[in-house]
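First the structure, in the form of structure tokens, and then the observations on it.
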Amino acid sequence: MPERYPVTRLAVARIRDIRRQRGVTAEALAKGMTAAGYQIERTWIVKAENGGRAQISVDWLMAAAEVLDVPVTALLAKPNCTACCDAPPPGFACTTCGAEAART
């Protein structure tokens with residue numbers, strides 16, 4: 001049976017894409033999320049990104065958004081721009097689509 005609400009898969013893929021686009025390692029993301037109050041190991045993030053985890057919590061999503069400095073809504077929708085994933089780093093604008101970093 002197909003997924004009815006593939007939000008988890010989409011959110012994890014968005015986190016992975018933004019993380020990679022910004023040069024943030026899974027280890028750095030895990031450390032940042034732990035510092036933000038959500039205890040997590042790098043291996044958990046890698047497993048989630050590789051499809052090994054079926055669900056993530058809202059807290060997980062919020063912590064990842066905080067560490068990546070993107071609005072949580074940026075993790076819940078398919079990106080229009082493959083260069084910046086619709087979430088350019090703070091203080092920058094995408095040279096491909098012109099998007100500017102959201103103010104959080």
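The chains in the structure tokens are called A, B, ... from first to last as shown; in each chain the residues are counted from 1, and the ligands are counted from 1 in the order shown.
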
Using only C-alpha atoms, determine which residues lie at most 8 Å from range 84-91 of chain A, disregarding the query and same-chain residues fewer than 2 positions distant; provide the list as a PDB file with C-alpha atoms, in the first residue's frame.
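Dumped to around-v1.pdb:
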ATOM      1  CA  ARG A  14      14.785  18.180   2.590  1.00  0.00           C
ATOM      2  CA  ASP A  17      19.528  18.218   0.814  1.00  0.00           C
ATOM      3  CA  ILE A  18      19.843  21.464   2.787  1.00  0.00           C
ATOM      4  CA  GLN A  21      24.059  22.030   0.165  1.00  0.00           C
ATOM      5  CA  ARG A  22      25.429  23.929   3.177  1.00  0.00           C
ATOM      6  CA  ASP A  69      18.659  28.013  10.323  1.00  0.00           C
ATOM      7  CA  VAL A  70      15.619  27.532   8.106  1.00  0.00           C
ATOM      8  CA  ALA A  74      10.965  24.920   4.437  1.00  0.00           C
ATOM      9  CA  PRO A  79      11.694  22.732  -3.297  1.00  0.00           C
ATOM     10  CA  ASN A  80      11.340  24.747  -6.473  1.00  0.00           C
ATOM     11  CA  CYS A  81      15.076  25.375  -6.811  1.00  0.00           C
ATOM     12  CA  THR A  82      17.520  22.483  -6.882  1.00  0.00           C
ATOM     13  CA  ALA A  93      20.630  34.952  -1.902  1.00  0.00           C
ATOM     14  CA  CYS A  94      20.569  32.128  -4.432  1.00  0.00           C
ATOM     15  CA  THR A  96      20.042  30.550  -9.546  1.00  0.00           C
ATOM     16  CA  ALA A  99      15.592  33.472  -3.241  1.00  0.00           C
ATOM     17  CA  GLU A 100      16.861  35.243  -0.152  1.00  0.00           C
ATOM     18  CA  ALA A 101      17.414  33.600   3.207  1.00  0.00           C
ATOM     19  CA  ALA A 102      14.326  33.678   5.389  1.00  0.00           C
ATOM     20  CA  ARG A 103      14.575  35.610   8.598  1.00  0.00           C
TER      21      ARG A 103
END

Neighbour list for range 32-48 of chain A as an MDAnalysis selection string, cut-off 12 Å, only C-alpha atoms, skip fewer than 4 positions in-chain:
chainID A and resid 8:16 19 24:28 52:69

Those in chain A with helix (DSSP H, G or I) from DSSP, as a PyMOL selection string:
chain A and resi 7-21+26-35+42-49+58-68+72-75

Calculated over only C-alpha atoms, which of the candidates A:Asn50, A:Lys31, A:Ala83, A:Val7 has the smallest distance to Cys97 in chain A?
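Looking at the shortest contact to Cys97 in chain A, the residue is A:Ala83.
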